[in-house]
Every structure is written in structure tokens, then in C-alpha cells.
Amino acid sequence: MKTGSTRGRIRVIGGSLGGLLTANLLLRDGWDVKVYERSERPLAGRGAGIVTHPELFTALEACGVSLDDRLGVRVHERVTLGSDGRIVGRLAMDQVLTAWGQLFDRLREVFPHERYCNGVAALAVRQQDQGVVLKLSDGSDETVDLVISADGIRSSLRGQLAPTTVPAYAGYVAWRGLIDEASLSPETHAALFDHFAFCLPPREQILGYPVAGADGDVSIGRRRFNFVWYRPADAEAQLADLLTDESGQRHDGGIAPNRIRPAVHTALRADAKRLLAPQFAEIIERTEQPFFQPIVDLASTQIVFGRTALVGDAAFVARPHCGMGVTKAAGDALALVSQLAKHTRVDDALNAYELERLSFGRAVVNHARHLGAYMQAQIHSEHERAMAERYRTPEAVMRETAASRAFTVAGSAASPE
């Protein structure tokens with residue numbers, strides 16, 4: 001490890017939330033850190049709602065982010081609506097709901113502008129005895145102590161280092177969208193807006209909650225409602241159709257919202273009226289451009305490769321039911337910085353980090369699979385069928401979905417049994 005004004009040189013690949021959490025924590029712990037983000041334009045407006053957990057607050061505070069009332073919208077209760085719109089379940093649970101843009105803006109504010117580089121991608125890494133050579137898309141090479149791959153589910157560095165570790169489609173998709181608070185009818189606003197709300201049509205699930213409005217506005221009347229509607233779609237026919245645009249082109253990596261065929265949106269709104277509580281059907285009807293994401297799993301068996309370490313979605317991707325995506329990335333960042341502080345040798349720190357976070361990542365992925373089992377288009381085993389029945393009831397869904405109780409940032413996972 002290098003000595004002097006900094007502890008050594010680290011480069012973070014990927015400038016979204018996981019990369020910024022990691023970079024901010026490392027910088028504050030004395031490392032020379034830069035972030036390389038392949039997008040040439042500043043990241044903005046990506047993602048939608050994010051459920052927070054105590055571990056995420058710990059990381060944000062360690063990054064220097066102020067945990068004030070502007071961070072998100074607080075709710076105190078979960079409700080489940082039947083198909084007729086009546087409440088069929090209630091559960092007291094206090095949580096803060098935020099949005100991708102809220103967190104991104106806060107993390108960028110506390111990270112030095114000159115250390116965040118847009119339009120630069122990582123092409124390859126080459127291990128050396130006491131470091132790693134990073135080859136960049138601008139034609140340069142850097143020799144550094146450590147490279148952090150935080151470049152998401154389609155990580156280019158994971159593709160080089162672990163080419164057989166790839167996302168696996170789970171058999172269903174998540175339709176998402178945001179609608180302005182002011183666009184809701186008074187009846188729907190009263191039933192849903194101040195709650196974390198669910199509806200459970202057969203083999204499906206929709207949930208929604210309030211988040212900040214444009215420019216992070218959390219004032220009453222200017223917020224938005226975020227929804228996620230999980231729907232089975234077999235890969236060969238239904239998913240393929242959803243991914244095909246009006247010209248007949250298929251977008252296997254995910255279709256942009258403006259390329260989704262109008263007929264798909266028409267069918268979605270008709271299904272909402274037929275299957276969902278009327279309050280949720282109204283939200284689907286009034287959302288201008290719903291979009292969807294195929295739900296996938298990704299579980300790594302290795303997250304450290306010499307002097308390159310994976311964090312966040314580059315390491316593990318769990319189905320969204322746990323609401324742990326950003327929190328898991330925060331836990332990875334906290335664990336990595338903690339182990340680097342404990343150990344004199346970088347290699348020892350990385351070995352300890354991998355041991356700690358592999359078990360946690362597996363627990364999150366497995367729990368999310370259990371929560372989503374009843375929405376899969378094809379359930380193959382008796383175990384999956386048993387888990388499907390277990391998590392079908394309103395009580396179980398409200399208790400387990402995006403709840404903090406099952407996991408700790410220390411890397412151990414309480415049994416979700």
C-alpha cells in the first residue's frame with residue numbers, strides 16, 4: 001500500500017449510486033479516488049422510487065449527506081387493497097421513500113467535480129504484483145492499487161473477469177411509472193398516497209408509494225406516486241413480444257420507454273381495469289408512459305479478482321421485492337472501506353471483503369426469489385411452489401416486501417424463515 005498524502009490510488013468504474021457511495025466513502029477515508037462513468041452526458045432522471053433502510057442512512061451520513069426532511073417522503077402504514085378497492089390488510093411500518101434522482105444529486109454534491117469523469121469507460125484490467133493496470137476508452141492506461149467495478153448489472157469488467165456469471169431471467173417483468181400527486185382523483189389520493197400500498201391479483205402484484213416530485217420537491221401537492229406492477233411473461237413468446245417495437249426490432253437488453261408499442265400500453269390499461277383495485281387502475285390509466293424491466297437474478301460466486309472488486313449490481317442482483325438494491329450497494333461500500341482500514345495489506349482486505357459480502361449477497365438474492373416465486377410464469381420445483389403459497393397472503397407480502405428486519409449491514413443475514 002502506498003504511503004504519503006493518500007493511502008493509495010483507487011479508480012471506481014460506474015458513476016451511478018453504487019459507484020458514488022463507494023467513491024465518497026473511500027475519498028473520506030484518505031484514498032486518491034476517481035470515478036469513470038461511460039455515459040457522456042450527466043446521469044439524470046434515471047430510475048424511480050427507492051425504499052430506504054437504516055443501512056443506507058448509515059452510508060449516506062458517512063458520505064456527508066445531510067439526512068433531512070428533503071431526502072424523501074415518510075409513510076407510517078402499509079395497506080393492501082382488494083380488487084374492489086377496499087382495504088383487506090393493514091400493517092404499521094415507518095419508512096422513508098425516496099427516488100434515484102434524490103440520492104444521486106445528494107451524492108454528487110459531496111463528491112469533488114474534478115474527480116468524476118463522464119464519457120470514459122473501462123475496457124480491461126490487467127493484474128500486476130502490487131496493483132492493476134486499467135485500460136480506458138480515452139486511450140490511456142492507469143496503474144492503480146485497486147479498481148472497483150460498480151458498473152451495474154451489465155458490468156463490462158465482470159464480463160471480462162467472470163464471463164459465465166450472467167443475469168438469469170426470472171419469468172416476469174416489472175411495469176413501472178410515476179404520476180404527479182396533483183393528477184390523482186381525491187378518492188384515489190385518499191386511499192393510496194400516504195401509504196405503502198399493495199394489490200394482489202392472481203399470480204401478480206402491484207405496489208406503490210409516494211416519492212418526491214420534480215427537483216426533489218417533497219411539499220404536499222407537488223410529490224409523485226411511484227408504482228411497480230409485477231406480471232408473468234414467458235421468455236419465448238410474451239417477453240419477446242413486449243421487447244419488440246413498432247418496426248419489428250427486438251431489444252433484448254431492454255426496450256426504451258418511447259419504443260414500447262402503443263398496443264402494449266393499451267392492453268396494459270385494459271388489464272389494469274380488469275385485474276386491479278380501481279385506485280391502482282386509475283394510476284395506470286393516467287401514467288403517460290409506463291415502462292417495464294425484465295426481472296433477473298445474478299448471484300456471483302466470486303467478487304474479488306486480484307486487485308479488482310465488484311460492488312452493488314455488478315456483484316449481485318436481487319429481484320426488487322427486498323427493496324435492497326441501493327442499500328446492498330451501500331453495505332458493500334461500507335464493508336470494503338472498513339476492511340481496507342483494518343488491514344495493512346490490500347489483498348488481505350479484499351479477501352475479508354469477499355468473504356463478508358458473498359454470504360450477504362446470496363441471502364438477499366435467495367430471499368427475493370422466495371418473495372417473487374408466485375409471480376413466475378413457470379414454477380419448476382416443489383420448494384418453489386411451497387414458497388409461492390407462503391408469500392401469497394396480504395399479511396406476508398406487507399411484512400416481507402422491502403422490509404429491513406431480515407438483513408444487517410454487517411454482512412450477516414437473519415433467516416427469512
# chains A, B, ... in the order shown; residues from 1 in each chain; ligands from 1
call {"tool": "select_by_dssp", "arguments": {"residues": "range 243-380 of chain A", "states": "strand (DSSP E or B)", "output": "JSON, numbers by chain"}}
result
{"A": [244, 250, 291, 292, 293, 294, 295, 296, 297, 298, 299, 304, 305, 308, 309, 310, 316, 317]}
call {"tool": "write_last_selection", "arguments": {"atoms": "N, CA and C atoms", "output": "CSV table (one decimal), in the first residue's frame"}}
result
chain,number,residue,atom,x,y,z
A,244,THR,N,-40.4,-6.0,-28.5
A,244,THR,CA,-40.4,-5.7,-30.0
A,244,THR,C,-41.1,-4.4,-30.2
A,250,ARG,N,-36.3,-6.1,-32.2
A,250,ARG,CA,-36.4,-6.7,-30.8
A,250,ARG,C,-35.2,-6.1,-30.0
A,291,PHE,N,-43.2,2.0,-18.3
A,291,PHE,CA,-42.2,1.3,-18.9
A,291,PHE,C,-42.0,0.0,-18.1
A,292,PHE,N,-41.2,-1.0,-18.6
A,292,PHE,CA,-41.0,-2.2,-17.9
A,292,PHE,C,-39.6,-2.7,-18.0
A,293,GLN,N,-39.3,-3.5,-17.0
A,293,GLN,CA,-37.9,-4.1,-16.9
A,293,GLN,C,-38.1,-5.6,-16.7
A,294,PRO,N,-37.5,-6.5,-17.5
A,294,PRO,CA,-37.5,-7.9,-17.2
A,294,PRO,C,-36.8,-8.1,-15.8
A,295,ILE,N,-37.4,-9.0,-15.0
A,295,ILE,CA,-36.8,-9.2,-13.7
A,295,ILE,C,-35.8,-10.4,-13.8
A,296,VAL,N,-34.6,-10.1,-13.3
A,296,VAL,CA,-33.5,-11.1,-13.4
A,296,VAL,C,-32.8,-11.3,-12.0
A,297,ASP,N,-32.1,-12.4,-11.9
A,297,ASP,CA,-31.3,-12.7,-10.8
A,297,ASP,C,-29.8,-12.7,-11.3
A,298,LEU,N,-28.9,-12.4,-10.4
A,298,LEU,CA,-27.5,-12.5,-10.7
A,298,LEU,C,-26.8,-12.8,-9.4
A,299,ALA,N,-26.2,-14.0,-9.2
A,299,ALA,CA,-25.5,-14.3,-8.0
A,299,ALA,C,-24.1,-14.7,-8.3
A,304,VAL,N,-14.0,-10.8,-6.0
A,304,VAL,CA,-12.7,-10.2,-6.0
A,304,VAL,C,-11.8,-11.0,-6.9
A,305,PHE,N,-11.1,-10.2,-7.8
A,305,PHE,CA,-10.3,-10.8,-8.8
A,305,PHE,C,-9.0,-10.1,-8.8
A,308,THR,N,-9.1,-6.2,-8.3
A,308,THR,CA,-10.4,-5.7,-8.8
A,308,THR,C,-11.5,-6.3,-8.0
A,309,ALA,N,-12.4,-5.4,-7.5
A,309,ALA,CA,-13.5,-5.9,-6.6
A,309,ALA,C,-14.8,-5.4,-7.2
A,310,LEU,N,-15.8,-6.3,-7.1
A,310,LEU,CA,-17.2,-5.9,-7.6
A,310,LEU,C,-18.0,-5.4,-6.4
A,316,PHE,N,-24.0,-8.7,-7.3
A,316,PHE,CA,-25.3,-9.4,-7.1
A,316,PHE,C,-26.5,-8.6,-7.5
A,317,VAL,N,-27.4,-9.2,-8.2
A,317,VAL,CA,-28.7,-8.5,-8.5
A,317,VAL,C,-29.8,-9.4,-7.9
call {"tool": "residues_around", "arguments": {"residues": "Ala240 in chain A", "least_positions_apart": "5", "cutoff": "9 Å", "atoms": "only C-alpha atoms", "output": "PyMOL selection string"}}
result
chain A and resi 233-235+250-252
call {"tool": "residues_around", "arguments": {"residues": "range 353-358 of chain A", "least_positions_apart": "5", "cutoff": "12 Å", "atoms": "only C-alpha atoms", "output": "VMD selection string"}}
result
chain A and resid 299 to 312 315 to 316 328 to 343 346 to 348 363 to 365 408 to 413
call {"tool": "write_last_selection", "arguments": {"atoms": "C-alpha atoms", "output": "short mmCIF file (atom, residue, chain, number, x, y, z; two decimals), in the first residue's frame"}}
result
data_model
loop_
_atom_site.label_atom_id
_atom_site.label_comp_id
_atom_site.auth_asym_id
_atom_site.auth_seq_id
_atom_site.Cartn_x
_atom_site.Cartn_y
_atom_site.Cartn_z
CA ALA A 299 -25.51 -14.33 -7.98
CA SER A 300 -21.72 -14.22 -8.16
CA THR A 301 -19.52 -16.95 -6.73
CA GLN A 302 -16.52 -14.59 -6.69
CA ILE A 303 -16.43 -10.80 -6.29
CA VAL A 304 -12.69 -10.17 -5.95
CA PHE A 305 -10.28 -10.81 -8.83
CA GLY A 306 -6.76 -9.85 -7.84
CA ARG A 307 -6.94 -6.11 -7.28
CA THR A 308 -10.40 -5.68 -8.83
CA ALA A 309 -13.50 -5.88 -6.64
CA LEU A 310 -17.19 -5.91 -7.59
CA VAL A 311 -19.79 -3.88 -5.68
CA GLY A 312 -23.52 -3.31 -6.00
CA ALA A 315 -21.73 -8.37 -7.87
CA PHE A 316 -25.30 -9.42 -7.08
CA LYS A 328 -26.87 -3.55 -0.64
CA ALA A 329 -24.53 -1.34 -2.67
CA ALA A 330 -24.17 0.91 0.37
CA GLY A 331 -23.38 -2.12 2.52
CA ASP A 332 -20.77 -3.27 0.01
CA ALA A 333 -19.13 0.16 0.11
CA LEU A 334 -19.14 0.31 3.91
CA ALA A 335 -17.70 -3.20 4.18
CA LEU A 336 -14.96 -2.52 1.62
CA VAL A 337 -13.82 0.70 3.30
CA SER A 338 -13.95 -0.95 6.72
CA GLN A 339 -11.79 -3.88 5.63
CA LEU A 340 -9.27 -1.60 3.92
CA ALA A 341 -8.98 0.35 7.17
CA LYS A 342 -8.49 -2.82 9.25
CA HIS A 343 -5.79 -4.46 7.13
CA VAL A 346 -4.85 -4.52 0.33
CA ASP A 347 -5.04 -8.19 -0.65
CA ASP A 348 -5.95 -9.22 2.89
CA ALA A 363 -29.05 -14.25 1.28
CA VAL A 364 -30.63 -11.23 -0.39
CA VAL A 365 -30.92 -12.97 -3.77
CA THR A 408 -27.98 -6.30 8.61
CA VAL A 409 -25.24 -4.22 7.05
CA ALA A 410 -22.61 -6.20 8.92
CA GLY A 411 -22.92 -8.86 6.27
CA SER A 412 -24.82 -11.49 8.21
CA ALA A 413 -28.37 -12.27 7.21
#
call {"tool": "closest_residue", "arguments": {"among": "A:Ala168, A:Leu178, A:Leu21, A:Ala402", "to": "Thr58 in chain A", "atoms": "only C-alpha atoms"}}
result
A:Leu21
call {"tool": "residues_around", "arguments": {"residues": "range 223-232 of chain A", "least_positions_apart": "3", "cutoff": "6 Å", "atoms": "only C-alpha atoms", "output": "ChimeraX atom specification"}}
result
/A:49,171-181,204-213,218,375-377
call {"tool": "closest_residue", "arguments": {"among": "A:Glu285, A:Asp69, A:Val166, A:Ala62", "to": "Gly152 in chain A", "atoms": "only C-alpha atoms"}}
result
A:Val166
call {"tool": "residues_around", "arguments": {"residues": "Asn118 in chain A", "least_positions_apart": "4", "cutoff": "7 Å", "atoms": "only C-alpha atoms", "output": "PyMOL selection string"}}
result
chain A and resi 36-42
call {"tool": "closest_residue", "arguments": {"among": "A:Ile153, A:Leu25, A:Ala197, A:Leu371", "to": "Leu60 in chain A", "atoms": "only C-alpha atoms"}}
result
A:Leu25
call {"tool": "select_by_dssp", "arguments": {"residues": "range 128-224 of chain A", "states": "alpha helix (DSSP H)", "output": "VMD selection string"}}
result
chain A and resid 156 to 161 186 to 188
call {"tool": "write_last_selection", "arguments": {"atoms": "C-alpha atoms", "output": "compact mmCIF listing (two decimals), in the first residue's frame"}}
result
# COMPACT_ATOMS: atom_id res chain seq x y z
CA SER A 156 -18.12 -4.81 -18.56
CA LEU A 157 -15.43 -5.72 -16.04
CA ARG A 158 -17.43 -8.63 -14.64
CA GLY A 159 -17.88 -9.74 -18.25
CA GLN A 160 -14.10 -9.88 -18.60
CA LEU A 161 -13.34 -11.41 -15.21
CA PRO A 186 -59.34 12.88 -4.47
CA GLU A 187 -60.65 9.35 -3.81
CA THR A 188 -57.52 7.63 -5.06
call {"tool": "atom_distance", "arguments": {"atom1": "CA of Tyr374 in chain A", "atom2": "CA of Gly254 in chain A"}}
result
23.3 Å
call {"tool": "residues_around", "arguments": {"residues": "Leu268 in chain A", "least_positions_apart": "5", "cutoff": "10 Å", "atoms": "only C-alpha atoms", "output": "ChimeraX atom specification"}}
result
/A:175,262-263,273-274,281,284-285,290
call {"tool": "closest_residue", "arguments": {"among": "A:Val120, A:Leu20, A:Met324, A:Ala270", "to": "Asp105 in chain A", "atoms": "only C-alpha atoms"}}
result
A:Leu20
call {"tool": "atom_distance", "arguments": {"atom1": "CA of Ser83 in chain A", "atom2": "CA of Glu389 in chain A"}}
result
19.2 Å
call {"tool": "closest_residue", "arguments": {"among": "A:Met398, A:Leu107, A:Ala318, A:Leu81", "to": "Leu67 in chain A", "atoms": "only C-alpha atoms"}}
result
A:Leu107
call {"tool": "closest_residue", "arguments": {"among": "A:Leu71, A:Leu243, A:Leu134, A:Leu200", "to": "Gly101 in chain A", "atoms": "only C-alpha atoms"}}
result
A:Leu71
call {"tool": "decode", "arguments": {"residues": "range 69-196 of chain A", "atoms": "C-alpha atoms", "output": "mmCIF file, in the first residue's frame"}}
result
data_model
loop_
_atom_site.group_PDB
_atom_site.id
_atom_site.type_symbol
_atom_site.label_atom_id
_atom_site.label_comp_id
_atom_site.auth_asym_id
_atom_site.auth_seq_id
_atom_site.Cartn_x
_atom_site.Cartn_y
_atom_site.Cartn_z
ATOM 1 C CA ASP A 69 -36.694 16.002 5.580
ATOM 2 C CA ARG A 70 -35.874 16.674 1.913
ATOM 3 C CA LEU A 71 -34.407 13.211 1.483
ATOM 4 C CA GLY A 72 -37.789 11.593 0.859
ATOM 5 C CA VAL A 73 -41.405 11.098 1.887
ATOM 6 C CA ARG A 74 -42.208 9.320 5.154
ATOM 7 C CA VAL A 75 -45.090 6.854 5.466
ATOM 8 C CA HIS A 76 -46.279 5.084 8.604
ATOM 9 C CA GLU A 77 -48.562 2.314 7.361
ATOM 10 C CA ARG A 78 -48.878 -0.364 4.698
ATOM 11 C CA VAL A 79 -52.226 -1.334 3.235
ATOM 12 C CA THR A 80 -53.431 -3.981 0.797
ATOM 13 C CA LEU A 81 -56.447 -3.303 -1.408
ATOM 14 C CA GLY A 82 -58.785 -5.955 -2.746
ATOM 15 C CA SER A 83 -59.995 -5.966 -6.335
ATOM 16 C CA ASP A 84 -62.990 -3.868 -5.260
ATOM 17 C CA GLY A 85 -60.748 -1.177 -3.765
ATOM 18 C CA ARG A 86 -61.492 -1.988 -0.142
ATOM 19 C CA ILE A 87 -58.690 -2.400 2.377
ATOM 20 C CA VAL A 88 -58.093 -6.091 3.134
ATOM 21 C CA GLY A 89 -54.936 -5.701 5.204
ATOM 22 C CA ARG A 90 -53.058 -3.138 7.298
ATOM 23 C CA LEU A 91 -49.584 -3.130 8.823
ATOM 24 C CA ALA A 92 -47.885 -0.329 10.761
ATOM 25 C CA MET A 93 -44.393 0.258 9.350
ATOM 26 C CA ASP A 94 -42.459 3.514 9.344
ATOM 27 C CA GLN A 95 -40.265 4.103 6.280
ATOM 28 C CA VAL A 96 -38.831 6.898 4.155
ATOM 29 C CA LEU A 97 -39.395 6.542 0.406
ATOM 30 C CA THR A 98 -37.040 8.389 -1.873
ATOM 31 C CA ALA A 99 -36.090 8.424 -5.551
ATOM 32 C CA TRP A 100 -32.999 7.745 -7.630
ATOM 33 C CA GLY A 101 -32.576 11.405 -8.551
ATOM 34 C CA GLN A 102 -32.790 12.495 -4.924
ATOM 35 C CA LEU A 103 -29.914 10.253 -3.871
ATOM 36 C CA PHE A 104 -27.806 10.868 -6.970
ATOM 37 C CA ASP A 105 -27.935 14.642 -6.615
ATOM 38 C CA ARG A 106 -27.021 14.479 -2.927
ATOM 39 C CA LEU A 107 -24.074 12.144 -3.532
ATOM 40 C CA ARG A 108 -22.762 14.223 -6.446
ATOM 41 C CA GLU A 109 -22.912 17.376 -4.337
ATOM 42 C CA VAL A 110 -20.473 15.932 -1.790
ATOM 43 C CA PHE A 111 -18.054 14.418 -4.340
ATOM 44 C CA PRO A 112 -15.454 16.710 -5.991
ATOM 45 C CA HIS A 113 -16.451 17.614 -9.528
ATOM 46 C CA GLU A 114 -12.929 17.162 -10.911
ATOM 47 C CA ARG A 115 -12.826 13.554 -9.698
ATOM 48 C CA TYR A 116 -15.942 12.487 -11.630
ATOM 49 C CA CYS A 117 -15.209 11.799 -15.318
ATOM 50 C CA ASN A 118 -18.059 11.372 -17.825
ATOM 51 C CA GLY A 119 -17.584 9.696 -21.184
ATOM 52 C CA VAL A 120 -14.820 7.331 -20.040
ATOM 53 C CA ALA A 121 -15.370 3.581 -19.999
ATOM 54 C CA ALA A 122 -13.202 0.775 -18.652
ATOM 55 C CA LEU A 123 -12.073 -1.561 -21.432
ATOM 56 C CA ALA A 124 -9.962 -4.042 -19.474
ATOM 57 C CA VAL A 125 -7.916 -4.664 -16.342
ATOM 58 C CA ARG A 126 -4.552 -6.433 -16.089
ATOM 59 C CA GLN A 127 -3.281 -7.676 -12.753
ATOM 60 C CA GLN A 128 0.253 -6.847 -11.567
ATOM 61 C CA ASP A 129 2.135 -7.945 -8.458
ATOM 62 C CA GLN A 130 1.128 -4.940 -6.348
ATOM 63 C CA GLY A 131 -1.633 -3.311 -8.349
ATOM 64 C CA VAL A 132 -3.670 -3.367 -11.521
ATOM 65 C CA VAL A 133 -3.416 -1.704 -14.922
ATOM 66 C CA LEU A 134 -6.695 -0.165 -16.045
ATOM 67 C CA LYS A 135 -7.204 0.357 -19.766
ATOM 68 C CA LEU A 136 -9.638 3.205 -20.545
ATOM 69 C CA SER A 137 -11.667 4.160 -23.600
ATOM 70 C CA ASP A 138 -9.874 7.508 -23.931
ATOM 71 C CA GLY A 139 -6.735 5.605 -24.892
ATOM 72 C CA SER A 140 -4.967 5.934 -21.572
ATOM 73 C CA ASP A 141 -3.743 3.311 -19.125
ATOM 74 C CA GLU A 142 -3.561 3.822 -15.366
ATOM 75 C CA THR A 143 -1.665 1.763 -12.846
ATOM 76 C CA VAL A 144 -3.505 1.870 -9.530
ATOM 77 C CA ASP A 145 -3.743 -0.019 -6.254
ATOM 78 C CA LEU A 146 -7.334 -1.109 -6.705
ATOM 79 C CA VAL A 147 -10.172 -0.983 -9.259
ATOM 80 C CA ILE A 148 -13.787 -1.057 -8.076
ATOM 81 C CA SER A 149 -16.330 -2.317 -10.596
ATOM 82 C CA ALA A 150 -19.605 -0.538 -9.831
ATOM 83 C CA ASP A 151 -20.894 -0.545 -13.386
ATOM 84 C CA GLY A 152 -24.156 -2.341 -12.779
ATOM 85 C CA ILE A 153 -25.965 -5.400 -13.970
ATOM 86 C CA ARG A 154 -24.261 -5.382 -17.399
ATOM 87 C CA SER A 155 -20.819 -4.786 -15.902
ATOM 88 C CA SER A 156 -18.116 -4.815 -18.559
ATOM 89 C CA LEU A 157 -15.429 -5.717 -16.040
ATOM 90 C CA ARG A 158 -17.432 -8.627 -14.645
ATOM 91 C CA GLY A 159 -17.884 -9.740 -18.247
ATOM 92 C CA GLN A 160 -14.099 -9.884 -18.596
ATOM 93 C CA LEU A 161 -13.337 -11.414 -15.211
ATOM 94 C CA ALA A 162 -16.305 -13.786 -14.784
ATOM 95 C CA PRO A 163 -17.826 -14.282 -18.247
ATOM 96 C CA THR A 164 -20.089 -17.143 -17.155
ATOM 97 C CA THR A 165 -21.752 -15.055 -14.419
ATOM 98 C CA VAL A 166 -24.694 -13.550 -16.259
ATOM 99 C CA PRO A 167 -28.201 -12.374 -15.348
ATOM 100 C CA ALA A 168 -30.914 -15.047 -15.472
ATOM 101 C CA TYR A 169 -34.464 -14.071 -16.418
ATOM 102 C CA ALA A 170 -36.935 -14.858 -13.623
ATOM 103 C CA GLY A 171 -40.089 -15.316 -15.712
ATOM 104 C CA TYR A 172 -41.822 -11.990 -15.096
ATOM 105 C CA VAL A 173 -41.479 -8.262 -15.701
ATOM 106 C CA ALA A 174 -41.941 -5.137 -13.599
ATOM 107 C CA TRP A 175 -44.004 -2.337 -15.091
ATOM 108 C CA ARG A 176 -43.040 0.984 -13.529
ATOM 109 C CA GLY A 177 -44.111 4.572 -13.619
ATOM 110 C CA LEU A 178 -44.518 7.868 -11.800
ATOM 111 C CA ILE A 179 -47.590 10.069 -11.673
ATOM 112 C CA ASP A 180 -47.886 13.572 -10.234
ATOM 113 C CA GLU A 181 -49.777 13.818 -6.980
ATOM 114 C CA ALA A 182 -52.000 16.525 -8.461
ATOM 115 C CA SER A 183 -53.102 14.163 -11.253
ATOM 116 C CA LEU A 184 -54.854 11.753 -8.866
ATOM 117 C CA SER A 185 -58.547 11.920 -8.088
ATOM 118 C CA PRO A 186 -59.344 12.881 -4.470
ATOM 119 C CA GLU A 187 -60.648 9.354 -3.809
ATOM 120 C CA THR A 188 -57.516 7.627 -5.063
ATOM 121 C CA HIS A 189 -55.258 10.115 -3.311
ATOM 122 C CA ALA A 190 -57.027 9.489 -0.006
ATOM 123 C CA ALA A 191 -56.823 5.702 -0.383
ATOM 124 C CA LEU A 192 -53.214 5.374 -1.536
ATOM 125 C CA PHE A 193 -50.994 8.395 -1.353
ATOM 126 C CA ASP A 194 -49.936 8.429 2.286
ATOM 127 C CA HIS A 195 -49.340 4.663 2.355
ATOM 128 C CA PHE A 196 -47.088 1.945 1.049
#
